[in-house]
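Asks: There's a structure below that I have some questions on.
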Amino acid sequence: MAKRQLHIKRYLITGLLTFVPLWLTWLVFKFVFELLSEVSAPLVAWMISVLGSSWPATGEFLGQPWLISLCAFVITVVSLYLVGFAANFVLGRRLIEGMESLIQRIPIVHSIYGGTKKLMSVLQNKPSGTQRVVLIDFPSPDLKSIGFVTRVFRDTGGRELAAVYVPTTPNPTGGYLEIVPVERLTATDWSVDQAMAFLLSAGAVGADTLPFTIRWNDAAGLPGEADPDRDTV
């Protein structure tokens with residue numbers, strides 16, 4: 001009896017360890033799928049309605065929600081590829097610049113677009129003299145969270161501050177924006193890809209140790225003295 005219970009417990013644990021990564025992967029895929037499909041869903045629905053006016057049976061078949069979402073997802077992915085392809089050529093760059101110029105003239109919209117574009121550019125390129133992935137004392141001084149430095153600036157007194165985006169897990173699209181003095185940042189040697197893998201897997205994917213430089217100031221080339229009491233985690 002005890003042996004049977006041991007087998008059941010072992011198989012349940014094995015099944016759980018097998019299921020959780022698949023479940024997290026499914027959540028991320030579902031979020032991305034729904035996000036991309038929503039972009040083209042109105043266009044697909046309109047096309048199906050026009051098609052259904054001439055061929056009612058075909059329109060009824062294509063009007064199923066799951067099929068609309070699938071077609072919208074494919075159209076969005078292909079459109080993104082074409083935009084990226086066109087952006088590598090002079091004509092495509094001029095069209096995109098013209099669209100951005102038009103957006104800049106629309107109140108509120110230009111702020112949202114400009115901020116989002118800068119964020120994407122920041123996460124793609126590591127600025128000189130700074131480390132993108134850091135640890136901050138959040139949500140309490142005794143705990144640490146992974147954050148992404150988006151910019152470094154100064155207050156009116158000349159103190160250097162960093163804007164740090166702290167994403168949630170396993171969905172990193174939500175999170176918090178923290179303004180942190182640079183001397184309280186702990187610079188890591190992780191890349192953005194490594195940090196994202198760690199977040200998406202809820203900490204399951206990552207190195208066994210998390211080495212980091214003694215002080216942000218040392219890693220970023222900013223003035224400051226090292227703290228001998230802090231070394232590695």
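Chain labels A, B, ... are given in the sequence in which chains occur in the structure tokens; within each chain residues are numbered consecutively from 1, and ligands are likewise numbered from 1 in the order shown.
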Give me, as JSON lines, each residue of region 24-130 of chain A that comes within 12 Å of region 173-181 of chain A, together with its shortest interatomic pair and the distance in Å at one decimal, counting only C-alpha atoms, with rows ordered by chain and rising residue number.

Replies:
```
{"residue": "A:Val28", "atom": "CA", "partner": "A:Thr173", "partner_atom": "CA", "distance": 10.4}
{"residue": "A:Phe31", "atom": "CA", "partner": "A:Thr173", "partner_atom": "CA", "distance": 9.9}
{"residue": "A:Val32", "atom": "CA", "partner": "A:Thr173", "partner_atom": "CA", "distance": 10.4}
{"residue": "A:Leu35", "atom": "CA", "partner": "A:Thr173", "partner_atom": "CA", "distance": 11.3}
```

Asks: Quick check for you: according to DSSP on this backbone, which residues of region 58-113 of chain A are classed as alpha helix (DSSP H)? Reply as a ChimeraX atom specification.

Replies: /A:58-62,65-86,90-103,109-113

Asks: Which residue gives the smallest distance to Ala72 (chain A) among A:Leu200, A:Val149, A:Ile48, A:Ala195, with only C-alpha atoms counted?

Replies: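 Distance minimum relative to Ala72 (chain A) lands on A:Ile48.
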
Asks: In Å, rounded to a single decimal, give me how far CA of Arg151 (chain A) is from CA of Thr116 (chain A).

Replies: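 Calculated distance between CA of Thr116 (chain A) and CA of Arg151 (chain A) is 13.6 Å.
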
Asks: Distance CA of Ala202 (chain A)-CA of Leu185 (chain A), one decimal place?

Replies: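 Computing the Euclidean distance for CA of Ala202 (chain A) and CA of Leu185 (chain A) yields 21.8 Å.
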
Asks: Check the smallest atom-to-atom distance from each of A:Ile68, A:Val166, A:Leu51, A:Ala57 to Leu199 (chain A) using only C-alpha atoms, then report the winner.

Replies: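 With only C-alpha atoms as the atom set, the closest residue is A:Val166.
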